[in-house]
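Written below as structure tokens is the structure these notes are about.
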Amino acid sequence: MSNQTEQPDLERRGFIGKTVLAAGAAVVAPGVLVSVAGAGAKTDGADPGKRYGLLIDTNKCAEGCTACVTACNEEHGIDLMQKPEGLDEAQWQQQKPQWIRKVKLQDNLTGRVTNLPLMCQHCEFPPCVDVCPTGASFKRADGIVMVDRHTCIGCRYCMMACPYKARSFIHQEVEHQTVSAPRGKGCVESCNLCAYRLDYGADNTACAEACAAQGHNAILFGDLNDPNSELAQALSSAASRQIRGDLELNTGVRYTNV
Amino acid sequence: MLGSIGLKRLIGLAVAGLMAALAATAHAGSEWVTEGSRAEGLDSCVIDDTEKMRRNHMDYLVHQRDDVVRRGGRGSQYKLAECVNCHTAEDAAGHAIPIDDEGQFCASCHNYMAVNVNCFQCHRKVPEEE
Amino acid sequence: MSTMTYRELWCSSPRYWAGLALLGALVLIGLGAAYYMEHQGHYVTGMNNHIVWGLPHVFAIFLIVAASGALNVASIGSVFGGPMYKPLGRFSALLAIGLLAGGLYVLVLDLGRPDRLVVAMTTYNFKSIFTWNIFLYNGFFLIVALYIWSMIDRTAKWAYTPLGFTAFFWRLALTTGTGSIFGFLVAREAYDAAILAPMFIIMSFSYGLAFFILALLAAFWWAGRAIGDLRLTKLKNLLGVFIGAVLFFALVYHLTNLYITQHHGLESFVLLDGGIYTVMFWLGQVVIGSIVPLFLIYSPGFKTSRWAIAAASVLVLAGGFFQLYVLVIGGQAFPMPLFPGQEVLASTMLDGQIAPYTPSVPEFLLGMSGIVVAMTLVAVVSRMLQVLPDSLEDEQER
């Protein structure tokens with residue numbers, strides 16, 4: 001009872017009576033805390049001058065290697081999910097989230113075999129963003145296409161629209177998540193180029209890092225808009241292509257030697 | 001007549017019961033900090049004035065969530081993860097108890113106020129091990 | 001026309017309430033199924049990351065398309081001045097509202113987060129055809145409700161014609177919008193075609209009329225009233241024309257695709273070797289949904305047979321259902337052309353392969369209950385408002 005009558009008073013008295021406490025607790029402590037916890041964090045948001053992307057050299061992508069997939073699953077807590085009890089294995093394979101996948105191709109005419117990782121292509125004109133009724137599917141200022149789960153209603157129209165099957169729907173309750181990748185039942189999700197890592201000052205994605213650690217260096221991450229970036233240099237020196245370039249979506253993920 | 005007396009008594013009993021229940025929950029509600037959580041050892045919320053936090057945390061969090069997700073701005077001091085870090089208790093075995101579990105920090109107040117917490121359908125409910 | 005009187009759907013209490021109780025029970029079963037799917041998550045359904053829209057969507061789209069078509073009978077009465085159709089206008093408009101409500105009910109309960117319906121209603125992305133549809137659907141409810149009012153209330157007669165035209169154009173927009181949900185999907189071969197929008201309109205004519213005939217026969221049987229042969233013959237002949245039109249559009253759609261080399265894979269999938277989808281197309285859409293009903297409608301042997309008309313309508317609906325199943329599910333099952341000229345040897349996302357889908361029982365129950373919701377709504381409102389003519393005997397016509 002007393003709580004309720006006290007509250008408005010507290011708000012008013014806070015300026016006078018609790019100044020000392022407030023000075024100590026509300027100013028100093030969080031200041032210290034934020035400066036420690038938020039080291040390197042971007043306060044001004046995604047940089048509109050940048051456009052993040054990937055270049056994948058399929059010649060370097062090794063057959064049978066799934067380091068990028070494993071790294072992605074660990075990074076975003078996808079591996080914390082388990083097959084729901086009673087669900088058959090085949091259906092689980094079709095229902096579990098896959099932000100990145102390995103694809104092996106063979107040319108019909110020449111027989112040449114290609115391996116490549118496929119993920120959200122971070123289009124400049126993303127069909128998933130066009131069709132989303134609530135605007136939950138959106139493109140960040142720095143070109144990253146992602147889902148705002150707070151407004152996603154789970155209609156799956158974006159999955160219908162995506163030419164790359166890059167998106168996954170969460171078919172079950174999610175028990176465990178990492179702090180940096182909140183995910184739950186009934187929403188759609190996909191590769192976000194490790195957006196939070198970039199926001200905290202990292203300069204590489206989990207998949208590219210894992211690929212490099214394996215010594216393959218098939219995935220190159222960088223800023224497409226920065227002519228001096230390793231990515232832009234590589235793109236300007238070798239022929240590359242977009243998957244489904246016919247749709248003119250101007251993808252942020254490019255491939256060489258497909 | 002007898003019936004109406006019975007009814008009166010019944011209403012009286014119900015009211016008394018309600019008051020008792022209210023008093024009990026009001027008492028429970030006054031323990032604003034979860035026993036055994038890091039926050040228990042602190043005088044006030046480290047992020048902002050406790051009273052302000054209590055009243056406005058939802059606005060802070062909604063503002064912060066839009067800032068983080070849509071704008072990519074990570075500078076806000078209001079972080080759900082920090083709430084979780086500070087306000088979760090541990091069970092006897094030393095494992096963190098999910099913050100939205102019955103009787104825990106978020107749930108105790110939200111259940112009392114009958115306000116649904118949506119956050120933890122997607123967000124991590126326990127501190128992340130370093 | 002002045003002799004036409006309307007009366008609420010009134011029959012003996014047990015007859016009415018038992019019917020309503022049956023409908024209510026079926027709705028409850030559907031709601032239970034929806035709760036189960038939402039509570040567990042979609043993993044209990046047959047849907048997966050390839051077939052993201054399953055059986056509930058087929059039902060939902062089917063009902064929404066039929067809804068706009070059911071309004072046609074009213075439109076013929078007011079927009080095209082058909083006196084034979086005018087007395088059927090009220091019921092036709094009511095059925096349209098009911099079917100749309102049933103379809104949206106299924107659509108919403110199949111969302112991943114139906115609890116966030118309020119988000120869908122308040123946060124818009126105006127480049128999305130879905131957003132436009134939210135307005136088209138809500139507007140449809142409002143306009144058609146006013147339309148019914150203008151038909152029932154004599155003092156509102158002035159509004160009848162303008163509302164009739166508004167409703168007619170609105171329903172065209174609505175079906176175009178529904179067809180465009182698919183027509184705007186550039187990613188998938190089966191959908192990326194402008195013809196889908198007009199095709200959905202003609203499909204709506206056919207399904208809507210079939211639904212209307214069945215609902216009319218059922219309501220008159222329930223209330224123990226009589227319908228004249230003349231009027232039913234008119235309705236059934238119209239249905240015949242619509243069936244032919246749908247077939248024609250299907251023909252054009254497939255012929256166009258057959259001309260384009262890129263789409264040969266898709267066409268052979270639907271027409272030749274797509275397994276269940278091929279069977280559904282030929283046996284379901286073409287034979288059951290078109291040829292047999294056309295025979296039932298135009299064969300002199302069944303000239304005025306009520307059973308033949310009812311059977312033809314049921315078959316048209318079944319055929320329409322198969323048509324949408326092939327389009328919605330088959331269109332998703334067929335692989336997207338990511339790497340033209342290359343064969344996919346391995347992929348965990350079934351690239352280059354036909355995606356599997358087995359509908360589950362709860363999905364079916366939810367979808368079915370959408371139809372039942374529509375019927376329940378019509379049954380309840382028919383008893384509250386004067387939408388059904390007292391009699392549709394031929395003698396009253398001149």
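Convention: chains lettered A, B, ... in structure tokens order; per-chain residue numbering from 1; ligands numbered from 1 as shown.
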Residue hits in chain B, query chain A, radius 8 Å, only C-alpha atoms, as a list in words: Ala23, Ala26, Ser30, Asp43, Ser44, Cys45, Val46, Ile47, Asp48, Asp49, Glu51, Lys52, Asp67, Val68, Val69, Arg70, Arg71, Gly72, Gly73, Arg74, Gly75, Ser76, Gln77, Ala81, Gln121, Cys122, His123, Arg124 and Glu128 of chain B
Any chance you can output those residues with N, CA and C atoms as a short mmCIF file (atom, residue, chain, number, x, y, z; two decimals), in the first residue's frame?
data_model
loop_
_atom_site.label_atom_id
_atom_site.label_comp_id
_atom_site.auth_asym_id
_atom_site.auth_seq_id
_atom_site.Cartn_x
_atom_site.Cartn_y
_atom_site.Cartn_z
N ALA B 23 -3.08 -7.73 0.46
CA ALA B 23 -2.04 -7.37 1.42
C ALA B 23 -0.83 -8.27 1.24
N ALA B 26 0.92 -7.39 -1.97
CA ALA B 26 1.56 -6.09 -1.86
C ALA B 26 2.88 -6.23 -1.11
N SER B 30 6.80 -5.65 -2.52
CA SER B 30 7.73 -4.66 -1.99
C SER B 30 9.17 -5.16 -1.99
N ASP B 43 22.75 -0.32 -3.75
CA ASP B 43 21.77 0.59 -3.17
C ASP B 43 20.67 0.96 -4.16
N SER B 44 21.07 1.14 -5.40
CA SER B 44 20.06 1.49 -6.40
C SER B 44 20.51 0.95 -7.74
N CYS B 45 19.63 1.03 -8.71
CA CYS B 45 19.94 0.54 -10.06
C CYS B 45 21.16 1.28 -10.58
N VAL B 46 22.13 0.57 -11.11
CA VAL B 46 23.37 1.21 -11.52
C VAL B 46 23.23 1.98 -12.83
N ILE B 47 22.18 1.72 -13.55
CA ILE B 47 22.04 2.38 -14.85
C ILE B 47 21.37 3.74 -14.68
N ASP B 48 20.34 3.77 -13.86
CA ASP B 48 19.58 5.00 -13.73
C ASP B 48 18.94 4.98 -12.34
N ASP B 49 18.32 6.08 -11.99
CA ASP B 49 17.60 6.14 -10.73
C ASP B 49 16.62 4.98 -10.64
N GLU B 51 13.90 4.44 -9.10
CA GLU B 51 12.48 4.74 -9.24
C GLU B 51 12.12 5.03 -10.69
N LYS B 52 12.99 5.73 -11.37
CA LYS B 52 12.76 6.02 -12.79
C LYS B 52 12.78 4.72 -13.59
N ASP B 67 16.78 1.38 -31.59
CA ASP B 67 18.08 1.98 -31.86
C ASP B 67 19.07 0.91 -32.29
N VAL B 68 19.08 -0.19 -31.55
CA VAL B 68 20.05 -1.25 -31.83
C VAL B 68 19.71 -1.97 -33.12
N VAL B 69 18.48 -2.43 -33.23
CA VAL B 69 18.15 -3.30 -34.35
C VAL B 69 18.07 -2.54 -35.66
N ARG B 70 17.36 -1.43 -35.65
CA ARG B 70 17.09 -0.78 -36.92
C ARG B 70 18.19 0.18 -37.32
N ARG B 71 18.84 0.79 -36.32
CA ARG B 71 19.83 1.80 -36.64
C ARG B 71 21.26 1.28 -36.48
N GLY B 72 21.38 0.19 -35.73
CA GLY B 72 22.71 -0.34 -35.48
C GLY B 72 23.48 0.47 -34.47
N GLY B 73 22.79 1.28 -33.67
CA GLY B 73 23.45 2.07 -32.64
C GLY B 73 23.56 1.30 -31.34
N ARG B 74 24.74 1.14 -30.87
CA ARG B 74 24.94 0.28 -29.70
C ARG B 74 25.32 1.08 -28.46
N GLY B 75 25.13 2.39 -28.49
CA GLY B 75 25.65 3.21 -27.41
C GLY B 75 24.77 3.28 -26.18
N SER B 76 23.53 2.87 -26.28
CA SER B 76 22.59 3.03 -25.17
C SER B 76 23.07 2.32 -23.92
N GLN B 77 22.80 2.95 -22.78
CA GLN B 77 23.17 2.28 -21.54
C GLN B 77 22.08 1.30 -21.10
N ALA B 81 20.26 -7.19 -21.63
CA ALA B 81 21.25 -8.16 -21.16
C ALA B 81 21.82 -7.74 -19.81
N GLN B 121 10.84 -14.71 -24.98
CA GLN B 121 10.57 -15.73 -25.99
C GLN B 121 11.74 -15.80 -26.96
N CYS B 122 12.44 -14.68 -27.08
CA CYS B 122 13.59 -14.64 -27.98
C CYS B 122 14.90 -14.33 -27.27
N HIS B 123 14.85 -13.50 -26.23
CA HIS B 123 16.09 -13.07 -25.58
C HIS B 123 16.56 -14.06 -24.53
N ARG B 124 17.86 -14.08 -24.35
CA ARG B 124 18.47 -14.97 -23.37
C ARG B 124 18.02 -14.58 -21.97
N GLU B 128 25.27 -14.53 -19.64
CA GLU B 128 26.13 -15.33 -20.50
C GLU B 128 27.42 -15.61 -19.75
#
Per-residue nearest contacts of chain C to chain B (12 Å; only C-alpha atoms) as CSV:
residue,atom,partner,partner_atom,distance
C:Arg113,CA,B:Gln121,CA,11.3
C:Asp115,CA,B:Asn118,CA,10.5
C:Arg116,CA,B:Asn118,CA,10.8
Chain A residues near chain C (8 Å cut-off, only C-alpha atoms) as a VMD selection string: chain A and resid 84 87 91 93 to 98 101 to 109 130 to 135 151 to 156 159 to 165 167 to 173 185 to 187 243 to 244 247
Contact residues around Thr88 in chain B with only C-alpha atoms at 9 Å, ignoring same-chain residues under 4 positions, as a ChimeraX atom specification: /B:34-39,83-84,96-99,104-105,125-127
Using N, CA, C and O atoms, can you write the selected residues to a file as a PDB file, in the first residue's frame?
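Below is the file that was written, out_12.pdb:
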ATOM      1  N   THR B  34      15.649  -9.258  -6.353  1.00  0.00           N
ATOM      2  CA  THR B  34      15.648 -10.710  -6.210  1.00  0.00           C
ATOM      3  C   THR B  34      16.767 -11.150  -5.278  1.00  0.00           C
ATOM      4  O   THR B  34      17.911 -10.731  -5.437  1.00  0.00           O
ATOM      5  N   GLU B  35      16.390 -11.982  -4.331  1.00  0.00           N
ATOM      6  CA  GLU B  35      17.373 -12.480  -3.381  1.00  0.00           C
ATOM      7  C   GLU B  35      18.472 -13.233  -4.104  1.00  0.00           C
ATOM      8  O   GLU B  35      18.197 -14.079  -4.957  1.00  0.00           O
ATOM      9  N   GLY B  36      19.691 -12.947  -3.740  1.00  0.00           N
ATOM     10  CA  GLY B  36      20.808 -13.681  -4.320  1.00  0.00           C
ATOM     11  C   GLY B  36      21.288 -13.119  -5.647  1.00  0.00           C
ATOM     12  O   GLY B  36      22.231 -13.628  -6.234  1.00  0.00           O
ATOM     13  N   SER B  37      20.623 -12.062  -6.138  1.00  0.00           N
ATOM     14  CA  SER B  37      21.098 -11.474  -7.395  1.00  0.00           C
ATOM     15  C   SER B  37      22.163 -10.435  -7.093  1.00  0.00           C
ATOM     16  O   SER B  37      22.297  -9.969  -5.965  1.00  0.00           O
ATOM     17  N   ARG B  38      22.916 -10.069  -8.101  1.00  0.00           N
ATOM     18  CA  ARG B  38      23.971  -9.090  -7.909  1.00  0.00           C
ATOM     19  C   ARG B  38      23.364  -7.757  -7.446  1.00  0.00           C
ATOM     20  O   ARG B  38      23.956  -7.021  -6.665  1.00  0.00           O
ATOM     21  N   ALA B  39      22.165  -7.478  -7.942  1.00  0.00           N
ATOM     22  CA  ALA B  39      21.511  -6.216  -7.616  1.00  0.00           C
ATOM     23  C   ALA B  39      21.208  -6.100  -6.131  1.00  0.00           C
ATOM     24  O   ALA B  39      21.103  -4.992  -5.598  1.00  0.00           O
ATOM     25  N   CYS B  83      20.190  -5.974 -17.497  1.00  0.00           N
ATOM     26  CA  CYS B  83      19.152  -6.291 -16.508  1.00  0.00           C
ATOM     27  C   CYS B  83      19.292  -7.738 -16.076  1.00  0.00           C
ATOM     28  O   CYS B  83      19.262  -8.071 -14.890  1.00  0.00           O
ATOM     29  N   VAL B  84      19.454  -8.600 -17.087  1.00  0.00           N
ATOM     30  CA  VAL B  84      19.545 -10.032 -16.806  1.00  0.00           C
ATOM     31  C   VAL B  84      20.791 -10.323 -15.986  1.00  0.00           C
ATOM     32  O   VAL B  84      20.752 -11.064 -14.999  1.00  0.00           O
ATOM     33  N   ALA B  96      22.246 -20.232 -12.942  1.00  0.00           N
ATOM     34  CA  ALA B  96      21.375 -19.061 -12.970  1.00  0.00           C
ATOM     35  C   ALA B  96      19.931 -19.489 -13.241  1.00  0.00           C
ATOM     36  O   ALA B  96      19.673 -20.374 -14.059  1.00  0.00           O
ATOM     37  N   ILE B  97      19.006 -18.855 -12.524  1.00  0.00           N
ATOM     38  CA  ILE B  97      17.586 -19.139 -12.739  1.00  0.00           C
ATOM     39  C   ILE B  97      17.067 -18.143 -13.772  1.00  0.00           C
ATOM     40  O   ILE B  97      17.327 -16.944 -13.639  1.00  0.00           O
ATOM     41  N   PRO B  98      16.361 -18.620 -14.797  1.00  0.00           N
ATOM     42  CA  PRO B  98      15.836 -17.695 -15.801  1.00  0.00           C
ATOM     43  C   PRO B  98      15.067 -16.542 -15.146  1.00  0.00           C
ATOM     44  O   PRO B  98      14.281 -16.753 -14.221  1.00  0.00           O
ATOM     45  N   ILE B  99      15.318 -15.346 -15.648  1.00  0.00           N
ATOM     46  CA  ILE B  99      14.810 -14.133 -15.005  1.00  0.00           C
ATOM     47  C   ILE B  99      13.291 -14.019 -15.104  1.00  0.00           C
ATOM     48  O   ILE B  99      12.651 -13.301 -14.351  1.00  0.00           O
ATOM     49  N   GLN B 104      10.785 -14.835 -10.034  1.00  0.00           N
ATOM     50  CA  GLN B 104      12.043 -14.160 -10.311  1.00  0.00           C
ATOM     51  C   GLN B 104      11.781 -12.685 -10.663  1.00  0.00           C
ATOM     52  O   GLN B 104      10.640 -12.243 -10.748  1.00  0.00           O
ATOM     53  N   PHE B 105      12.871 -11.966 -10.922  1.00  0.00           N
ATOM     54  CA  PHE B 105      12.786 -10.509 -11.011  1.00  0.00           C
ATOM     55  C   PHE B 105      11.681  -9.980 -11.934  1.00  0.00           C
ATOM     56  O   PHE B 105      10.817  -9.219 -11.511  1.00  0.00           O
ATOM     57  N   LYS B 125      17.680 -15.600 -21.158  1.00  0.00           N
ATOM     58  CA  LYS B 125      17.070 -15.349 -19.858  1.00  0.00           C
ATOM     59  C   LYS B 125      18.068 -15.409 -18.708  1.00  0.00           C
ATOM     60  O   LYS B 125      17.732 -15.092 -17.571  1.00  0.00           O
ATOM     61  N   VAL B 126      19.285 -15.855 -18.987  1.00  0.00           N
ATOM     62  CA  VAL B 126      20.298 -15.958 -17.926  1.00  0.00           C
ATOM     63  C   VAL B 126      21.570 -15.268 -18.407  1.00  0.00           C
ATOM     64  O   VAL B 126      21.770 -15.107 -19.607  1.00  0.00           O
ATOM     65  N   PRO B 127      22.427 -14.845 -17.464  1.00  0.00           N
ATOM     66  CA  PRO B 127      23.663 -14.185 -17.893  1.00  0.00           C
ATOM     67  C   PRO B 127      24.510 -15.117 -18.748  1.00  0.00           C
ATOM     68  O   PRO B 127      24.449 -16.328 -18.593  1.00  0.00           O
TER      69      PRO B 127
END
Those of range 112-331 of chain C in DSSP alpha helix (DSSP H), formatted as a ChimeraX atom specification: /C:117-122,129-152,160-183,196-223,229-259,264-268,276-279,292-298,306-325,331
Exercise: Ala232 in chain A partners within 12 Å, only C-alpha atoms, chain neighbours under 2 positions left out, as a list in words: Lys50, Arg51, Tyr52, Gly53, Leu54, Leu55, Leu220, Phe221, Gly222, Asp223, Leu224, Asn225, Asp226, Pro227, Asn228, Ser229, Glu230, Ala234, Leu235, Ser236, Ser237, Ala238, Ser240, Gly252, Val253 and Arg254 of chain A
